[in-house]
Structures are given as structure tokens and as C-alpha cells.
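*Asks:* mmCIF, C-alpha atoms, saved as target_21.cif, coming up:
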```
data_final
loop_
_atom_site.label_atom_id
_atom_site.label_comp_id
_atom_site.auth_asym_id
_atom_site.auth_seq_id
_atom_site.Cartn_x
_atom_site.Cartn_y
_atom_site.Cartn_z
CA MET A 579 137.79 73.73 128.25
CA SER A 580 137.11 76.98 130.08
CA ASP A 581 134.24 79.17 128.97
CA THR A 582 135.95 82.47 128.19
CA LEU A 583 133.37 83.86 125.78
CA ARG A 584 131.66 86.92 127.25
CA LEU A 585 128.26 87.49 125.70
CA SER A 586 126.87 90.87 124.73
CA ASP A 587 125.21 92.96 127.44
CA ALA A 588 122.40 93.56 124.95
CA LEU A 589 121.29 89.95 125.39
CA ASP A 590 120.56 90.66 129.06
CA ARG A 591 117.96 93.18 127.95
CA VAL A 592 115.90 90.83 125.78
CA LYS A 593 113.97 87.58 126.08
CA PRO A 594 113.61 84.70 123.62
CA SER A 595 110.41 84.78 121.55
CA ALA A 596 107.63 83.13 123.57
CA THR A 597 105.61 82.28 120.47
CA ILE A 598 108.54 80.44 118.90
CA ALA A 599 109.19 78.69 122.23
CA VAL A 600 105.61 77.41 122.44
CA THR A 601 105.66 76.15 118.85
CA THR A 602 108.99 74.42 119.46
CA LYS A 603 107.68 72.73 122.62
CA ALA A 604 104.53 71.56 120.82
CA ASN A 605 106.59 70.12 117.97
CA GLU A 606 108.86 68.31 120.42
CA LEU A 607 105.85 66.67 122.09
CA LYS A 608 104.45 65.67 118.70
CA ARG A 609 107.76 64.04 117.76
CA ALA A 610 107.61 62.15 121.05
CA GLY A 611 104.28 60.66 120.01
CA HIS A 612 101.84 62.92 121.85
CA ASP A 613 98.60 64.09 120.22
CA VAL A 614 99.30 67.82 120.52
CA ILE A 615 97.14 70.54 119.00
CA GLY A 616 99.25 73.64 118.43
CA LEU A 617 97.39 76.94 118.66
CA GLY A 618 100.53 79.00 119.17
CA ALA A 619 101.85 79.68 115.68
CA GLY A 620 100.96 82.87 113.84
CA GLU A 621 101.06 81.18 110.47
CA PRO A 622 98.31 80.57 107.88
CA ASP A 623 97.49 76.93 107.30
CA PHE A 624 96.65 77.74 103.67
CA ASP A 625 99.26 77.12 100.99
CA THR A 626 100.93 79.83 98.90
CA PRO A 627 98.78 80.36 95.77
CA ASP A 628 99.96 78.47 92.68
CA ASN A 629 100.53 81.56 90.53
CA ILE A 630 103.00 82.87 93.11
CA LYS A 631 104.83 79.54 93.23
CA GLU A 632 105.04 79.48 89.44
CA ALA A 633 106.51 82.98 89.39
CA ALA A 634 109.23 81.80 91.75
CA ILE A 635 109.94 78.73 89.63
CA GLN A 636 110.13 80.87 86.51
CA ALA A 637 112.55 83.23 88.25
CA ILE A 638 114.81 80.27 88.99
CA ARG A 639 114.63 79.11 85.37
CA ASP A 640 115.44 82.63 84.21
CA GLY A 641 118.55 82.70 86.36
CA LYS A 642 117.28 85.42 88.71
CA THR A 643 119.32 83.89 91.50
CA LYS A 644 122.02 86.52 92.04
CA TYR A 645 122.48 89.29 94.57
CA THR A 646 119.99 92.13 94.23
CA PRO A 647 120.13 95.71 95.51
CA ALA A 648 120.36 95.64 99.29
CA ASP A 649 116.77 96.65 99.96
CA GLY A 650 115.04 95.09 96.98
CA ILE A 651 114.64 94.90 93.22
CA PRO A 652 113.08 97.83 91.31
CA GLU A 653 110.24 95.65 90.04
CA LEU A 654 109.11 94.78 93.56
CA LYS A 655 109.44 98.38 94.72
CA GLU A 656 107.20 99.43 91.85
CA ALA A 657 104.67 96.73 92.76
CA ILE A 658 104.70 97.95 96.38
CA CYS A 659 104.18 101.55 95.28
CA ALA A 660 101.21 100.43 93.18
CA LYS A 661 99.80 98.46 96.14
CA PHE A 662 100.06 101.42 98.50
CA GLN A 663 98.34 103.68 95.95
CA ARG A 664 95.64 101.14 95.06
CA GLU A 665 94.73 99.95 98.53
CA ASN A 666 95.76 102.73 100.92
CA ASP A 667 95.67 105.96 98.89
CA LEU A 668 99.34 106.49 99.76
CA THR A 669 101.74 107.76 97.11
CA TYR A 670 105.35 106.62 97.35
CA THR A 671 108.24 106.56 94.93
CA PRO A 672 110.59 103.55 94.70
CA GLY A 673 113.17 105.60 96.64
CA GLN A 674 110.73 105.62 99.57
CA ILE A 675 110.39 101.82 99.71
CA HIS A 676 112.38 99.44 101.91
CA ILE A 677 112.27 95.65 101.44
CA ALA A 678 113.76 93.20 103.94
CA PRO A 679 113.69 89.46 104.79
CA GLY A 680 110.36 89.73 106.66
CA GLY A 681 108.40 92.36 108.54
CA LYS A 682 110.46 91.94 111.70
CA PRO A 683 113.73 93.04 110.01
CA VAL A 684 111.92 96.07 108.54
CA ILE A 685 110.94 97.22 112.03
CA TYR A 686 114.35 96.39 113.49
CA ASN A 687 116.13 98.26 110.70
CA ALA A 688 113.97 101.31 111.40
CA PHE A 689 114.80 101.16 115.11
CA VAL A 690 118.53 100.71 114.52
CA ALA A 691 118.49 103.63 112.11
CA THR A 692 116.70 106.02 114.49
CA LEU A 693 116.98 105.08 118.17
CA ASN A 694 119.56 106.51 120.54
CA PRO A 695 119.91 105.78 124.27
CA GLY A 696 117.00 107.39 126.09
CA ASP A 697 114.68 107.42 123.07
CA GLU A 698 111.28 105.96 123.90
CA VAL A 699 108.95 103.76 121.85
CA ILE A 700 105.29 103.75 122.88
CA ILE A 701 103.89 100.24 122.45
CA PRO A 702 100.21 99.51 123.18
CA ALA A 703 99.83 96.33 125.25
CA PRO A 704 98.97 93.58 124.52
CA TYR A 705 101.72 93.70 121.90
CA TRP A 706 103.50 91.33 119.57
CA VAL A 707 106.23 89.75 121.67
CA SER A 708 109.12 91.09 119.56
CA TYR A 709 108.33 94.82 119.65
CA PRO A 710 109.81 95.71 123.06
CA ASP A 711 112.86 93.50 122.61
CA MET A 712 113.66 94.96 119.19
CA ALA A 713 113.50 98.44 120.68
CA LEU A 714 115.81 97.36 123.51
CA MET A 715 118.31 95.71 121.16
CA ALA A 716 118.43 98.91 119.11
CA GLY A 717 119.25 100.94 122.22
CA GLY A 718 115.81 102.43 122.85
CA THR A 719 113.38 102.21 125.75
CA PRO A 720 110.01 100.50 125.21
CA VAL A 721 107.08 102.20 126.95
CA PRO A 722 104.18 99.72 127.17
CA VAL A 723 100.73 101.26 127.57
CA ALA A 724 98.08 98.90 128.93
CA CYS A 725 95.04 98.69 126.66
CA GLY A 726 92.74 96.22 128.37
CA PRO A 727 89.37 94.75 127.49
CA ASN A 728 87.55 97.86 128.70
CA ALA A 729 89.29 99.74 125.86
CA ASN A 730 88.68 96.87 123.43
CA TYR A 731 92.44 96.29 123.52
CA LYS A 732 93.08 99.58 121.68
CA LEU A 733 95.06 102.67 122.52
CA THR A 734 92.89 105.66 123.34
CA PRO A 735 93.84 109.28 122.60
CA GLU A 736 93.93 109.98 126.34
CA ALA A 737 96.32 107.10 127.02
CA LEU A 738 98.55 108.16 124.14
CA GLU A 739 98.67 111.75 125.36
CA ALA A 740 99.64 110.59 128.84
CA ALA A 741 102.43 108.35 127.50
CA ILE A 742 104.18 110.96 125.33
CA THR A 743 107.27 112.59 126.80
CA PRO A 744 110.01 114.78 125.30
CA ASN A 745 111.97 111.53 124.78
CA THR A 746 109.28 109.78 122.72
CA LYS A 747 110.65 108.87 119.29
CA TRP A 748 108.05 106.38 117.99
CA LEU A 749 104.48 105.24 118.46
CA LEU A 750 104.12 101.67 117.23
CA LEU A 751 100.61 100.77 116.04
CA ASN A 752 99.62 97.24 114.99
CA SER A 753 96.18 96.95 113.37
CA PRO A 754 94.71 94.36 113.22
CA SER A 755 96.64 93.33 116.29
CA ASN A 756 98.75 90.36 117.10
CA PRO A 757 97.75 89.05 119.68
CA THR A 758 94.21 90.41 120.12
CA GLY A 759 92.88 90.80 116.57
CA ALA A 760 91.65 94.29 117.50
CA ALA A 761 91.60 96.74 114.59
CA TYR A 762 91.31 100.53 114.66
CA THR A 763 88.42 102.22 112.88
CA ARG A 764 88.93 105.39 110.88
CA ASP A 765 87.46 107.44 113.73
CA GLU A 766 89.75 105.79 116.27
CA LEU A 767 92.79 106.54 114.13
CA ARG A 768 91.52 110.09 113.72
CA GLY A 769 91.57 110.52 117.49
CA LEU A 770 95.15 109.25 117.75
CA ALA A 771 96.21 111.42 114.81
CA ASP A 772 94.88 114.53 116.54
CA VAL A 773 97.15 113.79 119.50
CA LEU A 774 100.16 113.15 117.27
CA LEU A 775 99.63 116.45 115.44
CA ARG A 776 100.19 118.21 118.77
CA HIS A 777 103.54 116.42 119.21
CA PRO A 778 105.59 116.87 116.04
CA HIS A 779 108.63 115.07 117.49
CA VAL A 780 106.76 111.74 117.61
CA TRP A 781 106.95 109.44 114.60
CA THR A 782 104.54 106.59 113.91
CA LEU A 783 105.37 103.07 112.78
CA THR A 784 102.30 101.13 111.64
CA ASP A 785 102.52 97.35 111.38
CA ASP A 786 99.75 96.56 108.88
CA MET A 787 100.69 92.92 108.28
CA TYR A 788 97.12 91.66 108.84
CA GLU A 789 95.48 94.37 106.71
CA HIS A 790 93.56 91.94 104.47
CA LEU A 791 92.30 89.80 107.36
CA VAL A 792 89.35 91.86 108.63
CA TYR A 793 85.78 90.65 109.13
CA ASP A 794 82.13 91.68 109.41
CA ASP A 795 82.44 94.40 106.74
CA PHE A 796 85.15 96.17 108.74
CA GLU A 797 86.74 98.89 106.60
CA TYR A 798 90.52 99.03 106.93
CA PHE A 799 92.52 102.26 107.20
CA THR A 800 96.12 103.08 108.06
CA ILE A 801 97.02 106.27 109.92
CA ALA A 802 98.91 108.15 107.17
CA GLN A 803 95.85 107.59 104.97
CA VAL A 804 93.54 109.07 107.64
CA GLU A 805 95.79 112.07 108.35
CA PRO A 806 98.00 113.11 105.41
CA LYS A 807 99.84 115.60 107.64
CA LEU A 808 101.45 112.58 109.34
CA TYR A 809 102.74 111.18 106.03
CA ASP A 810 106.19 112.74 106.45
CA ARG A 811 106.73 111.12 109.87
CA THR A 812 105.10 107.73 109.37
CA LEU A 813 106.66 104.41 108.37
CA THR A 814 103.93 102.17 106.95
CA VAL A 815 105.02 98.52 107.30
CA ASN A 816 103.45 95.54 105.56
CA GLY A 817 104.42 92.26 103.91
CA VAL A 818 103.24 89.18 102.05
CA SER A 819 103.45 86.69 104.94
CA LYS A 820 99.88 86.54 106.22
CA ALA A 821 97.48 87.48 103.42
CA TYR A 822 99.40 85.53 100.78
CA ALA A 823 100.42 82.63 103.06
CA MET A 824 104.10 83.31 102.36
CA THR A 825 105.57 83.18 105.86
CA GLY A 826 108.63 81.17 104.87
CA TRP A 827 109.37 83.33 101.82
CA ARG A 828 110.45 86.15 104.18
CA ILE A 829 109.43 89.37 102.46
CA GLY A 830 108.45 92.46 104.42
CA TYR A 831 108.35 96.02 103.17
CA ALA A 832 107.66 99.60 104.18
CA GLY A 833 106.99 103.01 102.72
CA GLY A 834 108.23 106.16 104.39
CA PRO A 835 110.17 109.43 104.10
CA GLU A 836 113.20 109.09 101.87
CA LYS A 837 115.65 110.21 104.57
CA LEU A 838 114.49 107.39 106.84
CA ILE A 839 114.47 104.83 104.02
CA THR A 840 118.01 105.81 103.06
CA ALA A 841 119.15 105.28 106.64
CA MET A 842 117.43 101.88 106.78
CA ARG A 843 119.13 100.94 103.49
CA LYS A 844 122.49 101.62 105.13
CA VAL A 845 121.56 99.27 107.99
CA ILE A 846 120.46 96.40 105.75
CA SER A 847 123.51 96.82 103.51
CA GLN A 848 125.73 95.94 106.47
CA THR A 849 123.55 93.20 108.02
CA THR A 850 121.41 90.79 105.99
CA SER A 851 121.81 92.57 102.65
CA ASN A 852 119.14 91.70 100.09
CA PRO A 853 116.13 89.46 100.72
CA CYS A 854 116.07 86.21 98.71
CA SER A 855 115.93 87.07 95.02
CA ILE A 856 113.44 84.27 94.26
CA SER A 857 111.13 85.42 97.05
CA GLN A 858 111.20 88.95 95.69
CA TRP A 859 110.00 87.83 92.27
CA ALA A 860 107.29 85.74 93.93
CA ALA A 861 106.20 88.82 95.88
CA VAL A 862 105.94 90.81 92.64
CA GLU A 863 103.38 88.27 91.44
CA ALA A 864 101.63 88.26 94.81
CA LEU A 865 101.05 92.01 94.71
CA ASN A 866 100.40 92.37 90.97
CA GLY A 867 98.58 89.09 90.35
CA PRO A 868 95.03 87.89 91.06
CA GLN A 869 93.62 88.79 94.46
CA ASP A 870 90.38 86.81 94.18
CA PHE A 871 91.44 84.16 96.71
CA LEU A 872 91.63 86.75 99.52
CA PRO A 873 87.85 87.03 100.15
CA GLU A 874 87.49 83.23 100.04
CA ARG A 875 90.17 82.69 102.68
CA ARG A 876 88.88 85.59 104.74
CA ALA A 877 85.46 83.93 104.89
CA VAL A 878 87.02 80.72 106.20
CA TYR A 879 88.92 82.63 108.88
CA GLN A 880 85.76 84.46 109.95
CA LYS A 881 83.87 81.19 110.44
CA ARG A 882 86.74 79.84 112.51
CA ARG A 883 86.86 83.03 114.56
CA ASP A 884 83.17 82.80 115.38
CA MET A 885 83.48 79.12 116.32
CA VAL A 886 86.51 79.73 118.55
CA VAL A 887 84.98 82.75 120.31
CA ALA A 888 81.80 80.78 121.05
CA GLY A 889 83.76 77.73 122.22
CA LEU A 890 86.02 79.70 124.55
CA ASN A 891 83.10 81.61 126.05
CA ALA A 892 81.50 78.22 126.79
CA ALA A 893 84.51 77.24 128.93
CA GLU A 894 84.17 77.85 132.68
CA GLY A 895 86.18 80.85 133.82
CA LEU A 896 87.08 82.17 130.34
CA THR A 897 85.72 85.23 128.55
CA CYS A 898 86.56 86.05 124.94
CA ALA A 899 85.77 89.17 122.93
CA THR A 900 85.08 89.02 119.19
CA PRO A 901 87.98 90.72 117.39
CA GLU A 902 87.80 92.66 114.13
CA GLY A 903 90.66 90.96 112.34
CA ALA A 904 93.87 88.87 112.14
CA PHE A 905 93.57 85.19 113.08
CA TYR A 906 93.92 85.44 116.84
CA VAL A 907 91.69 85.77 119.87
CA TYR A 908 92.86 86.89 123.29
CA PRO A 909 90.58 85.44 125.97
CA SER A 910 90.81 86.44 129.61
CA CYS A 911 91.47 83.59 132.02
CA ALA A 912 90.93 85.71 135.14
CA GLY A 913 88.11 83.38 136.15
CA VAL A 914 90.43 80.39 136.61
CA ILE A 915 93.23 82.11 138.53
CA GLY A 916 93.46 80.58 141.99
CA LYS A 917 91.94 77.26 140.96
CA THR A 918 93.73 73.91 141.06
CA SER A 919 94.25 71.49 138.19
CA PRO A 920 93.75 67.71 138.49
CA SER A 921 97.53 67.37 138.86
CA GLY A 922 97.39 69.38 142.08
CA LYS A 923 99.02 72.43 140.51
CA ARG A 924 97.51 75.74 141.60
CA ILE A 925 96.89 78.16 138.72
CA GLU A 926 98.57 81.37 139.86
CA SER A 927 99.05 83.00 136.46
CA ASP A 928 98.25 82.72 132.77
CA LYS A 929 101.67 81.10 132.37
CA ASP A 930 100.57 78.36 134.79
CA PHE A 931 97.29 77.98 132.90
CA ALA A 932 99.10 77.50 129.58
CA ALA A 933 101.60 75.06 131.07
CA GLU A 934 98.90 72.90 132.70
CA LEU A 935 96.71 72.97 129.59
CA LEU A 936 99.62 71.64 127.56
CA GLU A 937 100.50 69.07 130.20
CA GLN A 938 96.97 67.82 130.85
CA GLU A 939 95.23 68.20 127.49
CA LYS A 940 98.09 68.64 125.01
CA VAL A 941 96.81 71.97 123.70
CA ALA A 942 99.52 74.59 123.09
CA ILE A 943 98.64 78.26 123.57
CA VAL A 944 100.76 81.34 124.34
CA PHE A 945 100.35 82.90 127.79
CA GLY A 946 99.41 86.55 128.06
CA GLU A 947 102.40 87.62 130.13
CA ALA A 948 104.50 87.32 126.96
CA PHE A 949 102.28 89.93 125.29
CA GLY A 950 102.38 92.38 128.18
CA LEU A 951 98.83 92.03 129.53
CA SER A 952 97.62 89.35 131.95
CA PRO A 953 95.75 87.19 132.85
CA ALA A 954 94.96 86.09 129.31
CA PHE A 955 96.28 83.94 126.51
CA ARG A 956 96.50 83.95 122.73
CA VAL A 957 94.85 81.39 120.50
CA SER A 958 95.69 81.24 116.80
CA TYR A 959 92.83 79.89 114.69
CA ALA A 960 94.99 79.59 111.59
CA THR A 961 94.55 75.83 111.64
CA SER A 962 91.94 73.32 110.48
CA THR A 963 88.36 73.49 111.69
CA GLU A 964 88.62 69.90 112.92
CA ALA A 965 91.70 70.66 115.01
CA LEU A 966 90.04 73.76 116.45
CA GLN A 967 86.91 71.84 117.40
CA GLU A 968 88.95 69.21 119.22
CA ALA A 969 91.07 71.88 120.92
CA LEU A 970 87.95 73.67 122.18
CA THR A 971 86.61 70.40 123.58
CA ARG A 972 89.86 69.85 125.44
CA ILE A 973 89.99 73.44 126.76
CA GLN A 974 86.41 73.22 128.00
CA ARG A 975 87.15 69.88 129.68
CA PHE A 976 90.30 71.26 131.30
CA CYS A 977 88.47 74.30 132.69
CA ALA A 978 85.58 72.15 133.94
CA ASN A 979 88.04 69.96 135.87
CA LEU A 980 89.63 72.86 137.72
CA THR A 981 88.57 73.11 141.34
#
```
Take the structure I supplied and represent it as C-alpha cells, if you would.
*Replies:*
Amino acid sequence: MSDTLRLSDALDRVKPSATIAVTTKANELKRAGHDVIGLGAGEPDFDTPDNIKEAAIQAIRDGKTKYTPADGIPELKEAICAKFQRENDLTYTPGQIHIAPGGKPVIYNAFVATLNPGDEVIIPAPYWVSYPDMALMAGGTPVPVACGPNANYKLTPEALEAAITPNTKWLLLNSPSNPTGAAYTRDELRGLADVLLRHPHVWTLTDDMYEHLVYDDFEYFTIAQVEPKLYDRTLTVNGVSKAYAMTGWRIGYAGGPEKLITAMRKVISQTTSNPCSISQWAAVEALNGPQDFLPERRAVYQKRRDMVVAGLNAAEGLTCATPEGAFYVYPSCAGVIGKTSPSGKRIESDKDFAAELLEQEKVAIVFGEAFGLSPAFRVSYATSTEALQEALTRIQRFCANLT
């Protein structure tokens, strides 16, 4: 048979997800019998709380298994409005709420609804791997802005000012960050807001998915809360995946200006249509139900963070900052570039480092090139303490054996 199918030109502009690729590779090695420790997945190892599961089961028993409105049921929109008011001092009506099958579709729907060729999206780097590719698929132009360790992996007002052009459509802020865990303080957001107020054509999309995972008494703020004048040109994105350990339930949501939400509703009505009805009812319980488990899980994550930061800093050639939130660290591996592994492979990049670490010690990490800032790598500590301890031992051994 001849291959006559011509694929879309859009596919030439994007790359497969590196985080998914690493997890897939680790799982393949595990199935082949290897003792692999996967530190690549951005997924809580905690289970979904029982009350949320029971709400889903009850929804099934009640026959709530039909199509819903394209961007979500009224009950969940009301719960989201209450959440935004309660936790972020943001007032939205149900008509200003968009619900989709995960946070990624929310962002993609916003880009499809607003980006035209030539429109630019400012994306602080390191960034979540999907941000630039979603902008490209929607016809826009990603503009990465390097935010290295000297800036604590955060965008400064000066760097933002320098990146804005007449073609800038969006600034995308992720706090706490995937992959670095860096979170913006109120004062830091205030500085960015002052720049944005001088450029009224620039909209802001805030990915707040890790909002509840902050440590050391860090006080969380989102930018429309800090500067109400930005409310009418901000899309505040969140979801139940991380805090409520509901990654597979696929519920993301956003609050924003009604004109934008209406446009996003048109997009979702012709693509995925509604998120899973059962997941929506589970999310109602997640947002309205008990929240007492959040501090308990946060304390566990903080202990893991401290252990991982200390263990990575004890490895020869690695340096790791202590992040404010999420469940990631982003250590620099600049100190091992140019060294040679026991296999004879010379480490020329963070991609080489990750590949040799997996090959030699069966520890899966995600290389920094995928996140737009090298040489570094991402470690997820959303796994058991025992697995993390063993992984740190292997990483330290691997680095010690480099010559």
C-alpha cells in the first residue's frame, strides 16, 4: 500500500510531550523487568478523597450520565464561583466560567478563541512543556523569556517590559511553576501588574493549578486579585487535578470576561463538547466539600521537598534551589556537563544526563531542554518517601562515578 495521507503542516510546528515520553519509557522498562524509579510524572501519588469518590458513585446511581452543557453543569459553575470568591477574592458569575476536560484544554480553547497569525504569547522559561506548542497549534507565536536561577526562575518586570511588542496578545503566568516550583509573591505580581497596566493590549492567562501546594507559610495570590484593574483582561485558570489528586478525572476550569468565555464555549462545543458528567459532579464535591486533608498532604509534600533538595545538593555537580510550591524541583546540572559516564558516553547536555541516568541507574527524570532552560532537569517528588530516598542514592552514585 502506498502512503498517500498528507499530515497537517501544524504538526511540523509542535513536538510530542517530553514528560509523557519519559513516563512512557519508564513504564516500558518496568514492564521489561527493570527496577525503574520514575520521577517524571506530574501526578500526585495520593488517592482521590473518599467523599469525592462517593459523590461520583452517587451521580452514577442517580443517572447523571447524560450529555451536559458544553462547558459544564450549572452546579459546578456555581461551586467554582464560590471557590474563586472564597479563596481568591474574585467575583465571577456562572456566565464567566468555562469548564473543560482538564486544564490543558482550557488553555488551548482560550488560544484557539483568541490567537491569529502573528499574535505573540509571552511564556516565562522554564515553562510547562505544552505551553509553546499549544500556542503554535492555535496559530500564535510563543515568545519564551529566560528566567534563570539568578531571577529565582521568575519573570521580572524589566524582562516583561522588554518582551512586550505591539503583537503581544497574552502573558502566560504559572505560579507555582511546573517545572521549577517557583511561586510569585504579592509584591512580585504587583511589579508585573504595573507593567501590564502600561500595555492595555496585553491579556494575562494565569495557570494556578498548584495553588494549594505552597510551603513555608507562603501566601498565595493570583494577579487579578492583586490588581483589580486587570480583571477584565485576565483568564484565571485552575482545576482539581493536583490539590484533589484527580488527574484522571479531567476537570479544568477558568474564570474570565464573558466575551472571552463565550468564544471559548463556541470552541469546546465543536471539539470535545462537555467534560465527563460524572467527573463534574465529583468536582462539585471537591470544591464544596471538606478541605481538611489539604494541609495534611501539603505537609507531606514539604518534607519530601526538603529531603529531595538536600539529597540533590549532596550530589557532585548538581545544585538545587528550594522552591516555594508545586511538587517539583529544577536542579542545575551545569557541573556535570563535559564529564563522562561509566559507559563511555560524554555528557554534552541535560538530555544526555537524563538518558545516561536512566540507562545506568534506572532513574527517570525530564531533561531541562524540554522546559526551555538548560542545563537542568525536573524531578517530581510526588511519589513515596522510600522511592525518593532510593532515587537520591542512585543519582548521587551516578554523579560520583562521572569522570
*Asks:* Any chance you could tabulate, as a tab-separated table, the residues of stretch 782-852 of chain A at most 12 Å from stretch 958-979 of chain A with each one's nearest atom pair and distance in Å to one decimal, using all atoms listed in the file, in chain and rising number order?
*Replies:*
```
residue	atom	partner	partner_atom	distance
A:Leu791	CA	A:Ala960	CA	11.4
A:Lys820	CA	A:Ala960	CA	10.1
A:Ala821	CA	A:Ala960	CA	11.6
A:Ala823	CA	A:Ala960	CA	10.6
```
*Asks:* Run through the PyMOL selection byres ((chain A and resi 638) around 12) on the given coordinates and return the selected residues as a VMD selection string.
*Replies:* chain A and resid 631 to 637 639 to 644 854 to 860
*Asks:* For each of A:Asn605, A:Ala596, A:Ala864, A:Glu653, take the minimum atom-to-atom distance to A:Glu947, counting all atoms listed in the file, then give the residue where this is smallest.
*Replies:*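 Of A:Asn605, A:Ala596, A:Ala864, A:Glu653, the one nearest A:Glu947, counting all atoms listed in the file, is A:Ala596.
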*Asks:* May I ask which of the residues A:Thr626, A:Thr814, A:Asp795, A:Asp590 is the closest one to A:Phe871, counting only C-alpha atoms?
*Replies:* A:Thr626
*Asks:* So the first atom is atom CA of A:Tyr762 and the second is atom CA of A:Pro722; what is the distance between them in Å, to one decimal place?
*Replies:* 18.0 Å
*Asks:* Just how far from atom CA of A:Ile685 is atom CA of A:Lys844, in Å to one decimal?
*Replies:*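 These two atoms are separated by 14.2 Å.
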*Asks:* Between A:Gly696, A:Gly759, A:Pro806, A:Gly680, which is the closest to A:Glu902 once you count only C-alpha atoms?
*Replies:*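 Once distances to A:Glu902 are computed over only C-alpha atoms, the minimum belongs to A:Gly759.
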*Asks:* Which residue gives the smallest distance to A:Gly916 among A:Gln674, A:Leu980, A:Val804, A:Lys747, with only C-alpha atoms counted?
*Replies:*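 Closest candidate: A:Leu980.
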*Asks:* Can you take the partial stretch 824-840 of chain A, add N, CA and C atoms, and return it as a CSV table (one decimal), keeping the file's coordinate frame?
*Replies:*
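Writing the result to selection_17.csv gives the following:
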```csv
chain,number,residue,atom,x,y,z
A,824,MET,N,102.7,83.4,102.8
A,824,MET,CA,104.1,83.3,102.4
A,824,MET,C,105.1,83.5,103.5
A,825,THR,N,104.7,82.9,104.7
A,825,THR,CA,105.6,83.2,105.9
A,825,THR,C,107.0,82.8,105.6
A,826,GLY,N,107.3,81.6,105.1
A,826,GLY,CA,108.6,81.2,104.9
A,826,GLY,C,109.4,81.9,103.7
A,827,TRP,N,108.7,82.6,102.9
A,827,TRP,CA,109.4,83.3,101.8
A,827,TRP,C,110.1,84.5,102.3
A,828,ARG,N,109.7,85.1,103.5
A,828,ARG,CA,110.4,86.2,104.2
A,828,ARG,C,110.6,87.4,103.4
A,829,ILE,N,109.4,88.1,103.1
A,829,ILE,CA,109.4,89.4,102.5
A,829,ILE,C,108.5,90.3,103.3
A,830,GLY,N,109.2,91.4,103.8
A,830,GLY,CA,108.4,92.5,104.4
A,830,GLY,C,108.8,93.7,103.7
A,831,TYR,N,108.0,94.8,103.9
A,831,TYR,CA,108.4,96.0,103.2
A,831,TYR,C,107.7,97.2,103.9
A,832,ALA,N,108.2,98.4,103.6
A,832,ALA,CA,107.7,99.6,104.2
A,832,ALA,C,107.8,100.8,103.2
A,833,GLY,N,106.9,101.7,103.4
A,833,GLY,CA,107.0,103.0,102.7
A,833,GLY,C,107.1,104.1,103.7
A,834,GLY,N,108.0,105.1,103.4
A,834,GLY,CA,108.2,106.2,104.4
A,834,GLY,C,109.0,107.3,103.8
A,835,PRO,N,109.4,108.3,104.6
A,835,PRO,CA,110.2,109.4,104.1
A,835,PRO,C,111.5,109.0,103.6
A,836,GLU,N,112.0,109.6,102.5
A,836,GLU,CA,113.2,109.1,101.9
A,836,GLU,C,114.4,109.1,102.8
A,837,LYS,N,114.5,110.1,103.7
A,837,LYS,CA,115.6,110.2,104.6
A,837,LYS,C,115.7,109.0,105.5
A,838,LEU,N,114.6,108.6,106.0
A,838,LEU,CA,114.5,107.4,106.8
A,838,LEU,C,114.8,106.1,106.0
A,839,ILE,N,114.2,106.0,104.9
A,839,ILE,CA,114.5,104.8,104.0
A,839,ILE,C,115.9,104.7,103.6
A,840,THR,N,116.6,105.8,103.4
A,840,THR,CA,118.0,105.8,103.1
A,840,THR,C,118.8,105.3,104.2
```
